[in-house]
Each structure stands twice: as C-alpha cells, then as structure tokens.
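Shown below: upload15.cif, with mmCIF, C-alpha atoms.
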```cif
data_work
loop_
_atom_site.label_atom_id
_atom_site.label_comp_id
_atom_site.auth_asym_id
_atom_site.auth_seq_id
_atom_site.Cartn_x
_atom_site.Cartn_y
_atom_site.Cartn_z
CA MET A 17 139.51 42.11 44.37
CA ARG A 18 137.11 44.43 46.14
CA GLN A 19 138.11 47.94 47.13
CA ALA A 20 136.69 50.41 49.62
CA GLY A 21 137.54 53.95 50.61
CA VAL A 22 136.83 56.28 53.52
CA LEU A 23 137.57 59.95 54.11
CA ASP A 24 137.87 60.56 57.84
CA VAL A 25 137.58 64.26 58.70
CA GLY A 26 138.61 64.85 62.30
CA CYS A 27 139.95 67.63 64.44
CA HIS A 28 143.58 67.14 63.42
CA SER A 29 143.38 65.85 59.84
CA ALA A 30 141.37 64.77 56.85
CA LEU A 31 142.58 61.27 55.97
CA LEU A 32 141.64 59.51 52.75
CA THR A 33 142.25 55.76 52.90
CA ILE A 34 141.59 53.30 50.09
CA VAL A 35 142.14 49.59 50.62
CA ARG A 36 141.46 46.36 48.79
CA ARG A 37 140.87 42.86 49.95
CA ARG A 38 142.77 39.95 48.45
CA PRO A 39 142.02 36.31 49.24
CA ASP A 40 145.18 36.11 51.38
CA SER A 41 144.85 39.44 53.16
CA LEU A 42 142.33 41.41 55.14
CA LEU A 43 143.03 45.06 54.35
CA GLU A 44 145.76 45.90 51.87
CA PRO A 45 146.49 49.63 51.46
CA VAL A 46 145.99 51.03 47.97
CA PHE A 47 146.27 54.75 48.66
CA SER A 48 146.45 57.10 51.62
CA ARG A 49 146.54 60.89 51.83
CA LYS A 50 146.50 62.95 55.02
CA VAL A 51 145.86 66.69 55.08
CA ARG A 52 146.56 68.38 58.39
CA LEU A 53 143.84 70.34 60.19
CA ARG A 54 143.86 72.32 63.41
CA LEU A 55 140.15 72.64 64.08
CA HIS A 56 140.67 72.90 67.84
CA GLU A 57 142.10 76.37 67.19
CA THR A 58 138.95 77.47 65.35
CA LEU A 59 136.33 76.24 67.85
CA ASP A 60 134.75 78.73 70.22
CA HIS A 61 133.82 77.98 73.83
CA LYS A 62 130.54 76.42 72.66
CA GLY A 63 132.22 74.17 70.12
CA ARG A 64 131.12 76.22 67.12
CA LEU A 65 133.48 76.17 64.11
CA ASP A 66 134.33 79.68 62.92
CA PRO A 67 134.48 80.70 59.21
CA ALA A 68 138.23 80.08 59.02
CA GLY A 69 137.69 76.59 60.38
CA VAL A 70 134.94 75.85 57.86
CA GLU A 71 137.18 77.05 55.04
CA SER A 72 140.04 74.84 56.26
CA VAL A 73 137.72 71.81 56.20
CA GLU A 74 136.65 72.65 52.66
CA GLN A 75 140.27 72.96 51.52
CA ALA A 76 141.35 69.74 53.26
CA VAL A 77 138.49 67.71 51.80
CA ALA A 78 139.11 69.12 48.31
CA GLU A 79 142.85 68.39 48.54
CA ALA A 80 142.36 64.83 49.81
CA VAL A 81 139.75 63.98 47.17
CA ALA A 82 141.81 65.54 44.36
CA ALA A 83 144.82 63.43 45.37
CA ASN A 84 142.93 60.18 44.79
CA PRO A 85 144.69 58.49 41.82
CA HIS A 86 141.62 56.32 41.20
CA PRO A 87 138.69 58.77 41.06
CA ARG A 88 136.62 56.23 39.15
CA GLY A 89 137.32 53.59 41.78
CA PRO A 90 135.12 52.70 44.72
CA GLU A 91 132.80 55.29 46.21
CA VAL A 92 134.47 56.98 49.16
CA PHE A 93 132.48 57.08 52.38
CA ALA A 94 133.23 60.52 53.85
CA PHE A 95 132.46 61.09 57.50
CA ALA A 96 133.16 63.69 60.17
CA THR A 97 134.03 62.94 63.77
CA SER A 98 132.99 64.78 66.92
CA ALA A 99 134.62 68.17 66.20
CA ILE A 100 132.10 68.68 63.39
CA ARG A 101 129.38 66.28 64.56
CA ASP A 102 128.93 68.10 67.86
CA ALA A 103 129.33 71.64 66.52
CA PRO A 104 126.17 73.78 66.87
CA ASN A 105 126.65 74.86 63.23
CA ARG A 106 127.16 71.29 61.98
CA ASP A 107 124.48 71.42 59.28
CA ALA A 108 125.90 74.66 57.85
CA ILE A 109 129.40 73.14 57.78
CA ILE A 110 128.23 70.02 55.95
CA ALA A 111 126.22 72.09 53.46
CA SER A 112 129.17 74.38 52.79
CA VAL A 113 131.58 71.47 52.23
CA LYS A 114 129.09 69.82 49.87
CA ARG A 115 128.60 73.05 47.93
CA THR A 116 132.31 73.81 47.50
CA THR A 117 133.75 70.29 47.08
CA GLY A 118 130.90 68.07 45.94
CA THR A 119 131.56 65.76 48.90
CA ARG A 120 128.88 65.22 51.49
CA LEU A 121 130.16 64.46 54.96
CA ARG A 122 128.16 61.97 56.97
CA VAL A 123 128.09 62.03 60.73
CA LEU A 124 128.12 58.89 62.83
CA THR A 125 126.56 58.80 66.27
CA GLY A 126 128.88 58.15 69.18
CA GLN A 127 127.25 54.75 69.68
CA GLU A 128 127.91 53.87 66.04
CA GLU A 129 131.54 54.90 66.40
CA ALA A 130 131.83 52.66 69.46
CA ARG A 131 130.28 49.75 67.58
CA LEU A 132 132.61 50.17 64.60
CA ALA A 133 135.66 50.42 66.87
CA TYR A 134 134.62 47.13 68.46
CA VAL A 135 134.17 45.50 65.05
CA ALA A 136 137.65 46.64 64.01
CA ALA A 137 139.28 45.62 67.29
CA ARG A 138 137.65 42.19 67.18
CA GLN A 139 139.03 41.54 63.71
CA TRP A 140 142.45 42.90 64.64
CA ALA A 141 142.59 40.70 67.75
CA GLU A 142 142.13 37.55 65.63
CA GLU A 143 140.36 35.71 68.40
CA SER A 144 137.00 35.24 70.07
CA GLY A 145 136.31 35.63 73.76
CA PRO A 146 135.41 38.52 76.06
CA LEU A 147 136.60 41.87 74.71
CA LEU A 148 136.54 45.40 76.10
CA VAL A 149 137.32 48.28 73.72
CA LEU A 150 138.23 51.79 74.93
CA ASP A 151 138.49 54.76 72.55
CA ILE A 152 139.26 58.30 73.76
CA GLY A 153 138.46 60.88 71.09
CA GLY A 154 138.57 64.64 71.13
CA GLY A 155 134.93 65.24 71.95
CA THR A 156 133.71 61.90 73.20
CA LEU A 157 134.78 58.70 74.90
CA GLU A 158 133.59 55.41 73.41
CA ILE A 159 133.36 52.12 75.31
CA ALA A 160 132.18 48.80 73.88
CA SER A 161 132.24 45.24 75.14
CA GLY A 162 131.05 41.81 74.16
CA THR A 163 131.93 38.18 73.55
CA GLY A 164 130.95 37.88 69.90
CA ASP A 165 131.49 39.60 66.58
CA ARG A 166 129.15 42.44 67.56
CA PRO A 167 129.28 44.30 70.87
CA ARG A 168 126.80 43.57 73.60
CA THR A 169 127.11 47.06 75.10
CA VAL A 170 128.15 50.40 73.58
CA HIS A 171 128.55 53.74 75.32
CA SER A 172 129.50 57.20 74.08
CA LEU A 173 130.15 59.88 76.69
CA PRO A 174 130.99 63.61 76.34
CA LEU A 175 134.38 63.06 78.00
CA GLY A 176 136.82 63.55 75.14
CA ALA A 177 140.31 64.98 75.61
CA ARG A 178 139.61 68.20 73.69
CA ARG A 179 136.34 68.79 75.56
CA ILE A 180 137.87 68.26 79.01
CA THR A 181 140.76 70.55 78.07
CA ARG A 182 138.36 73.27 76.93
CA ASP A 183 136.12 73.00 80.00
CA TRP A 184 138.71 72.40 82.72
CA LEU A 185 142.26 73.13 81.55
CA SER A 186 142.21 76.29 79.45
CA GLY A 187 145.31 78.49 79.28
CA ASN A 188 149.02 77.75 79.18
CA SER A 189 149.63 77.30 82.89
CA ARG A 190 150.21 74.13 84.85
CA PRO A 191 147.04 73.03 86.69
CA SER A 192 146.95 73.12 90.47
CA PRO A 193 146.62 69.89 92.47
CA HIS A 194 143.13 71.06 93.44
CA ARG A 195 142.11 71.40 89.77
CA LEU A 196 143.46 67.94 88.97
CA THR A 197 141.42 66.50 91.84
CA GLU A 198 138.31 68.27 90.56
CA ILE A 199 138.80 66.81 87.08
CA ARG A 200 139.33 63.30 88.42
CA GLU A 201 136.20 63.58 90.56
CA HIS A 202 134.16 64.85 87.60
CA LEU A 203 135.37 62.00 85.39
CA ARG A 204 134.78 59.37 88.07
CA ARG A 205 131.27 60.61 88.84
CA SER A 206 130.40 60.71 85.15
CA LEU A 207 131.65 57.18 84.53
CA GLU A 208 130.14 55.64 87.65
CA ALA A 209 126.75 57.11 86.71
CA VAL A 210 126.67 55.14 83.43
CA PRO A 211 124.21 52.22 83.65
CA GLY A 212 125.81 48.95 82.63
CA LEU A 213 129.34 50.31 82.32
CA PRO A 214 131.46 47.23 81.55
CA HIS A 215 134.17 46.07 83.91
CA ALA A 216 137.22 43.97 83.11
CA GLU A 217 136.66 40.35 84.05
CA PRO A 218 139.23 37.54 84.36
CA GLY A 219 140.24 36.44 80.87
CA MET A 220 138.87 39.57 79.19
CA ARG A 221 141.13 41.20 76.62
CA VAL A 222 141.20 45.01 76.79
CA LEU A 223 142.12 46.95 73.65
CA ALA A 224 142.67 50.72 73.51
CA CYS A 225 141.86 52.19 70.09
CA SER A 226 142.91 55.82 69.99
CA LYS A 227 145.83 58.15 69.39
CA THR A 228 145.52 59.24 73.01
CA PHE A 229 146.31 55.79 74.39
CA GLU A 230 148.91 55.20 71.69
CA GLN A 231 150.85 58.35 72.58
CA LEU A 232 150.63 57.66 76.32
CA ALA A 233 152.02 54.17 75.73
CA ARG A 234 154.90 55.60 73.68
CA LEU A 235 155.62 58.15 76.40
CA ALA A 236 155.80 55.44 79.06
CA ALA A 237 157.97 53.23 76.85
CA ALA A 238 160.36 56.08 75.96
CA ARG A 239 160.91 56.78 79.63
CA GLY A 240 161.68 53.13 80.29
CA LYS A 241 158.51 52.74 82.31
CA ALA A 242 156.70 50.17 80.19
CA PRO A 243 157.50 46.97 78.30
CA GLY A 244 156.36 46.01 74.82
CA ALA A 245 157.80 48.97 72.87
CA GLY A 246 154.70 51.05 73.50
CA ARG A 247 152.20 48.36 72.55
CA LYS A 248 150.87 48.02 76.08
CA LEU A 249 150.11 50.50 78.85
CA ALA A 250 149.85 49.54 82.52
CA LEU A 251 147.98 51.65 85.05
CA PRO A 252 150.99 52.39 87.32
CA HIS A 253 152.98 53.68 84.33
CA LEU A 254 150.01 55.77 83.22
CA ARG A 255 149.80 57.40 86.66
CA THR A 256 153.48 58.33 86.40
CA SER A 257 152.85 59.90 82.98
CA VAL A 258 149.92 61.91 84.35
CA ALA A 259 152.19 63.39 87.00
CA LEU A 260 154.81 64.24 84.39
CA LEU A 261 152.34 65.88 82.01
CA ALA A 262 150.85 67.91 84.86
CA GLU A 263 154.27 69.36 85.65
CA VAL A 264 154.89 70.55 82.09
CA LYS A 265 153.28 73.61 80.54
CA PRO A 266 150.86 72.76 77.69
CA SER A 267 153.04 74.58 75.16
CA ARG A 268 156.01 72.34 76.01
CA ARG A 269 154.32 68.93 76.23
CA GLY A 270 154.95 68.34 72.53
CA LYS A 271 158.65 68.04 73.38
CA LEU A 272 158.00 64.95 75.49
CA PRO A 273 158.75 61.63 73.76
CA GLY A 274 155.69 60.13 72.13
CA ILE A 275 153.50 63.24 72.41
CA SER A 276 152.74 64.90 69.09
CA HIS A 277 152.72 68.67 68.74
CA ASN A 278 149.13 68.62 67.46
CA ARG A 279 147.82 66.81 70.54
CA ALA A 280 150.19 68.28 73.13
CA VAL A 281 147.73 70.72 74.73
CA GLN A 282 145.08 68.04 75.29
CA SER A 283 147.52 65.29 76.30
CA LEU A 284 147.08 65.83 80.05
CA ALA A 285 143.30 65.67 79.79
CA GLY A 286 143.63 62.50 77.71
CA ALA A 287 145.88 60.94 80.34
CA LEU A 288 143.47 61.84 83.15
CA ILE A 289 140.58 60.33 81.20
CA ALA A 290 142.57 57.17 80.46
CA GLN A 291 143.61 56.77 84.10
CA THR A 292 140.13 57.29 85.52
CA LEU A 293 138.55 55.06 82.87
CA MET A 294 140.94 52.19 83.63
CA GLU A 295 140.40 52.60 87.37
CA VAL A 296 136.60 52.66 87.17
CA CYS A 297 136.48 49.73 84.72
CA GLY A 298 138.96 47.70 86.76
CA VAL A 299 141.55 47.55 83.99
CA LYS A 300 145.20 46.98 84.95
CA THR A 301 146.73 46.94 81.46
CA VAL A 302 145.53 47.79 77.96
CA GLU A 303 146.86 46.64 74.62
CA ILE A 304 147.22 49.33 71.96
CA CYS A 305 145.10 48.51 68.91
CA PRO A 306 145.90 50.52 65.74
CA TRP A 307 142.42 49.91 64.29
CA SER A 308 139.30 51.88 65.19
CA THR A 309 136.20 53.41 63.59
CA ARG A 310 137.82 54.02 60.20
CA GLU A 311 138.91 50.39 59.85
CA GLY A 312 135.52 49.21 61.07
CA LEU A 313 133.90 51.12 58.22
CA LEU A 314 136.36 49.69 55.69
CA LEU A 315 135.73 46.15 56.92
CA GLU A 316 131.96 46.54 56.63
CA HIS A 317 132.12 48.19 53.21
CA LEU A 318 134.28 45.31 52.00
CA GLY A 319 131.85 42.82 53.46
CA VAL A 320 134.60 41.03 55.37
CA PRO A 321 133.03 38.10 57.26
CA PRO A 322 133.59 37.83 61.02
CA HIS A 323 136.99 36.51 62.13
CA ASP A 324 138.43 36.64 58.61
CA ALA A 325 141.44 38.34 60.12
CA SER A 326 144.30 36.91 58.09
CA GLY A 327 146.99 39.41 57.19
CA ARG A 328 145.97 42.09 59.66
CA SER A 329 149.43 43.63 59.64
CA ARG A 330 148.89 44.93 56.12
CA LEU A 331 147.07 47.93 57.60
CA ALA A 332 148.45 47.97 61.10
CA GLY A 333 149.59 51.60 60.95
#
```

Kindly present the structure from the file in structure tokens form.
Amino acid sequence: MRQAGVLDVGCHSALLTIVRRRPDSLLEPVFSRKVRLRLHETLDHKGRLDPAGVESVEQAVAEAVAANPHPRGPEVFAFATSAIRDAPNRDAIIASVKRTTGTRLRVLTGQEEARLAYVAARQWAEESGPLLVLDIGGGTLEIASGTGDRPRTVHSLPLGARRITRDWLSGNSRPSPHRLTEIREHLRRSLEAVPGLPHAEPGMRVLACSKTFEQLARLAAARGKAPGAGRKLALPHLRTSVALLAEVKPSRRGKLPGISHNRAVQSLAGALIAQTLMEVCGVKTVEICPWSTREGLLLEHLGVPPHDASGRSRLAG
C-alpha cells in the first residue's frame, strides 16, 4: 500500500491529509487534521500578511505537523494557496515558516492549481468525455477544460471571492444596486477578455470544485430552491441566492443555511463570480465536486493511473 500526504495552507485553514491507496480503492483516508486560520483578517489592502498573520501560519503549520501520528511515514507535500502565494511578502512568510517549523511551503501557480483541479475532477467523475471544471478560490478563479485525462486549456484569473470583496465590497453595509451592477460588469469584461475561454457544449459535464460553489448549492437546497440535496446548482437558483445575499449585511450572512461563518463576508462576491462565470461560459447547471487541487496532488503523488477511479467515495468529503 502506498501512502501520500499533503498540507494545504489556505486562507481559512491549514489541513493535513494523509491517504493510502489499496488495490480496491482510490484514496482511503489515513489521517486528517485541520487547524483554523483567519488570514483574511490579517491582510492589508495590498494583500500583505501582517506579523500576527505570519505567526498564525507558523502556529497552524506546527500544530498540524505535530499531530501527524506517522511522522516517519510518507513525505508531506506542503503548499500554500493564493492568500500566501500572492502576498507581496510571500518569500519572507515562507522563510519564517521554514525557520520556525522546519516545513517549507511550496507555492503552486494558478495554472498548476487549475490543472490539478481538472485531474482530480476527472478521476472523481469516473468517465471520459468533454469536461469543464470551475474553481472559485479566495484570490483567484481557476477554469480548466478538456476531453482527456489532462486539460486542454487552463486559466487562472485574479477574480477570487476574497479579492473581489476587498476591492469592491468592503465594510459591513449592504451594497447598492449600482455597486452590484459595477461588479457584474467588471467580472463580465474580465472573463470575456480571456482568449480561448471555454464554453459549455452539448454533452459537456460541468463540475464546480470549490467551497464557494458548495455553500451556494447548500443555500439553494436549504431554501427548497434546488434538487439533489445541494449536489447541483442551477443558474436560476443561483440568481435567487445572489439577491438574498445582497439583502443581508455581511456580518449576518453566516446565519443563512449553508453559509459558513468563516466565509460569510465573501459569500456575496463568490455568488456574483459564480453567476457571471456560468453566464459567460454558457453553463446552466453545475455539479458539485468535492475534489480539487489537494486531491489532484494526492493522486499524482500516489501515481494513480488515469481513470483508476474505483472507490472514489472513500475521500468524498
């Protein structure tokens, strides 16, 4: 049995995941430890992480690594997502974490994150054929498409939910209709300017790989506006959720069903991004895929061959 481990350090948590591969399963969990982070509260208007934020990353990494019951097991691939990757003081953060914890954080490019999300989604889907993968992160938006085991096109755009919130929706007040229109126009212009942006074609499966889409689907399902127990999200139901989120103050959005407290403030921006993305790409409905970049890394470190997707539910959460 082969094992692999990743430490995913994002804006909201540091998550250590160790899995193994058995002959009859794809990814079987061995160990998981999540340490909460709130890096969005320690980023300045330029995206720079302040000293308190750097210290919180150090503590979270140290706690996650120390919790590993198999320290002599497989090497853990530690990586940081856009909150650290795009920070102007990124190199200083990585050096400080390495000095205090002994763990060196790698950074993946946005294009690499998009590729890995596609790899994970393809395996999770358990089928070949045209595939479009959408992943809304905090700092960036990843889009990948293809017909094979590797994507034909990958895009990473600076249109993440945290970034749009910071640039367009700061404060604790409800946005005006004019501001919402401005945001939609900005998102649409940015997406339509992307050369080769994929569009949904007949027979193409569309998978959404992000907490943003997952929470929006749960919100629609909880309000009786969507079928599939939150595993699918249709564009009309998403538009209804956008209107609801816009009417609620950021500090109270975490009380809505399906919206977590940690992501409440940026939930409206995420919904606006999701809506505009689906409209521009011609997508009517997305399926929620629980696998993304982290699982793509695990699959590649385990050397799982393409379409060996038996037992996917072992790591479906």

Original post:
Can you list, as a list in words, every protein, DNA or RNA residue that comes within 8 Å of segment 110-115 of chain A when you count all atoms listed in the file, leaving out same-chain residues fewer than 6 positions away?
Top reply: Val70, Val73, Glu74, Val77 and Leu121 of chain A

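Minimum distance to Asp24 of chain A across A:Ser308, A:Ser283, A:Ser144, A:Thr197 (counting only C-alpha atoms) occurs at A:Ser308.
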
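Distances from A:Glu208, A:Asp165, A:Glu79, A:Asp102 to Val320 of chain A were compared using all atoms listed in the file, and the smallest one belongs to A:Asp165.
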
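Between Ala80 of chain A and the residues A:His253, A:His61, A:Arg200, A:Arg49, the shortest atom-to-atom distance, using all atoms listed in the file, involves A:Arg49.
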
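Closest approach to Pro174 of chain A among A:Pro146, A:Ser98, A:Leu313, A:Arg122 is made by A:Ser98 (distances from all atoms listed in the file).
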
Original post:
Near Cys297 of chain A, counting only C-alpha atoms, which residues have an atom at most 10 Å away, once you skip same-chain residues fewer than 6 positions from it, shown as number ranges by chain?
Top reply: A: 148, 207-208, 213-217

If I only have part of segment 279-301 of chain A, can you fill in N, CA, C and O atoms and write it as an mmCIF file, keeping the file's coordinate frame?
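Here's the written file part_18.cif:
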```cif
data_model
loop_
_atom_site.group_PDB
_atom_site.id
_atom_site.type_symbol
_atom_site.label_atom_id
_atom_site.label_comp_id
_atom_site.auth_asym_id
_atom_site.auth_seq_id
_atom_site.Cartn_x
_atom_site.Cartn_y
_atom_site.Cartn_z
ATOM 1 N N ARG A 279 148.653 67.264 69.425
ATOM 2 C CA ARG A 279 147.820 66.810 70.540
ATOM 3 C C ARG A 279 148.428 67.157 71.899
ATOM 4 O O ARG A 279 147.966 66.668 72.929
ATOM 5 N N ALA A 280 149.465 67.991 71.892
ATOM 6 C CA ALA A 280 150.190 68.280 73.130
ATOM 7 C C ALA A 280 149.289 68.947 74.172
ATOM 8 O O ALA A 280 149.306 68.575 75.353
ATOM 9 N N VAL A 281 148.529 69.951 73.770
ATOM 10 C CA VAL A 281 147.730 70.720 74.730
ATOM 11 C C VAL A 281 146.714 69.820 75.430
ATOM 12 O O VAL A 281 146.487 69.946 76.638
ATOM 13 N N GLN A 282 146.111 68.884 74.706
ATOM 14 C CA GLN A 282 145.080 68.040 75.290
ATOM 15 C C GLN A 282 145.623 66.720 75.850
ATOM 16 O O GLN A 282 144.852 65.864 76.293
ATOM 17 N N SER A 283 146.943 66.563 75.862
ATOM 18 C CA SER A 283 147.520 65.290 76.300
ATOM 19 C C SER A 283 147.283 65.009 77.783
ATOM 20 O O SER A 283 147.068 63.855 78.180
ATOM 21 N N LEU A 284 147.326 66.045 78.628
ATOM 22 C CA LEU A 284 147.080 65.830 80.050
ATOM 23 C C LEU A 284 145.633 65.393 80.284
ATOM 24 O O LEU A 284 145.382 64.445 81.043
ATOM 25 N N ALA A 285 144.701 66.066 79.645
ATOM 26 C CA ALA A 285 143.300 65.670 79.790
ATOM 27 C C ALA A 285 143.106 64.231 79.321
ATOM 28 O O ALA A 285 142.416 63.441 79.976
ATOM 29 N N GLY A 286 143.733 63.870 78.197
ATOM 30 C CA GLY A 286 143.630 62.500 77.710
ATOM 31 C C GLY A 286 144.171 61.496 78.699
ATOM 32 O O GLY A 286 143.591 60.418 78.901
ATOM 33 N N ALA A 287 145.284 61.842 79.353
ATOM 34 C CA ALA A 287 145.880 60.940 80.340
ATOM 35 C C ALA A 287 144.981 60.799 81.570
ATOM 36 O O ALA A 287 144.832 59.703 82.127
ATOM 37 N N LEU A 288 144.386 61.901 82.005
ATOM 38 C CA LEU A 288 143.470 61.840 83.150
ATOM 39 C C LEU A 288 142.242 60.989 82.832
ATOM 40 O O LEU A 288 141.769 60.213 83.677
ATOM 41 N N ILE A 289 141.730 61.140 81.618
ATOM 42 C CA ILE A 289 140.580 60.330 81.200
ATOM 43 C C ILE A 289 140.966 58.858 81.167
ATOM 44 O O ILE A 289 140.234 57.992 81.665
ATOM 45 N N ALA A 290 142.116 58.556 80.564
ATOM 46 C CA ALA A 290 142.570 57.170 80.460
ATOM 47 C C ALA A 290 142.746 56.553 81.845
ATOM 48 O O ALA A 290 142.326 55.411 82.097
ATOM 49 N N GLN A 291 143.373 57.290 82.746
ATOM 50 C CA GLN A 291 143.610 56.770 84.100
ATOM 51 C C GLN A 291 142.290 56.486 84.819
ATOM 52 O O GLN A 291 142.087 55.385 85.368
ATOM 53 N N THR A 292 141.393 57.458 84.806
ATOM 54 C CA THR A 292 140.130 57.290 85.520
ATOM 55 C C THR A 292 139.293 56.181 84.889
ATOM 56 O O THR A 292 138.660 55.383 85.598
ATOM 57 N N LEU A 293 139.309 56.104 83.569
ATOM 58 C CA LEU A 293 138.550 55.060 82.870
ATOM 59 C C LEU A 293 139.063 53.674 83.257
ATOM 60 O O LEU A 293 138.268 52.769 83.551
ATOM 61 N N MET A 294 140.377 53.493 83.263
ATOM 62 C CA MET A 294 140.940 52.190 83.630
ATOM 63 C C MET A 294 140.623 51.859 85.077
ATOM 64 O O MET A 294 140.297 50.707 85.405
ATOM 65 N N GLU A 295 140.697 52.849 85.956
ATOM 66 C CA GLU A 295 140.400 52.600 87.370
ATOM 67 C C GLU A 295 138.948 52.196 87.569
ATOM 68 O O GLU A 295 138.647 51.220 88.263
ATOM 69 N N VAL A 296 138.027 52.932 86.976
ATOM 70 C CA VAL A 296 136.600 52.660 87.170
ATOM 71 C C VAL A 296 136.203 51.321 86.542
ATOM 72 O O VAL A 296 135.370 50.590 87.091
ATOM 73 N N CYS A 297 136.814 50.987 85.402
ATOM 74 C CA CYS A 297 136.480 49.730 84.720
ATOM 75 C C CYS A 297 137.309 48.549 85.227
ATOM 76 O O CYS A 297 137.167 47.423 84.715
ATOM 77 N N GLY A 298 138.179 48.786 86.205
ATOM 78 C CA GLY A 298 138.960 47.700 86.760
ATOM 79 C C GLY A 298 139.997 47.131 85.823
ATOM 80 O O GLY A 298 140.291 45.930 85.858
ATOM 81 N N VAL A 299 140.574 47.985 84.995
ATOM 82 C CA VAL A 299 141.550 47.550 83.990
ATOM 83 C C VAL A 299 142.961 47.833 84.506
ATOM 84 O O VAL A 299 143.274 48.963 84.873
ATOM 85 N N LYS A 300 143.820 46.814 84.503
ATOM 86 C CA LYS A 300 145.200 46.980 84.950
ATOM 87 C C LYS A 300 146.139 47.316 83.803
ATOM 88 O O LYS A 300 147.081 48.091 83.964
ATOM 89 N N THR A 301 145.878 46.728 82.624
ATOM 90 C CA THR A 301 146.730 46.940 81.460
ATOM 91 C C THR A 301 145.888 46.929 80.195
ATOM 92 O O THR A 301 144.950 46.127 80.080
#
```
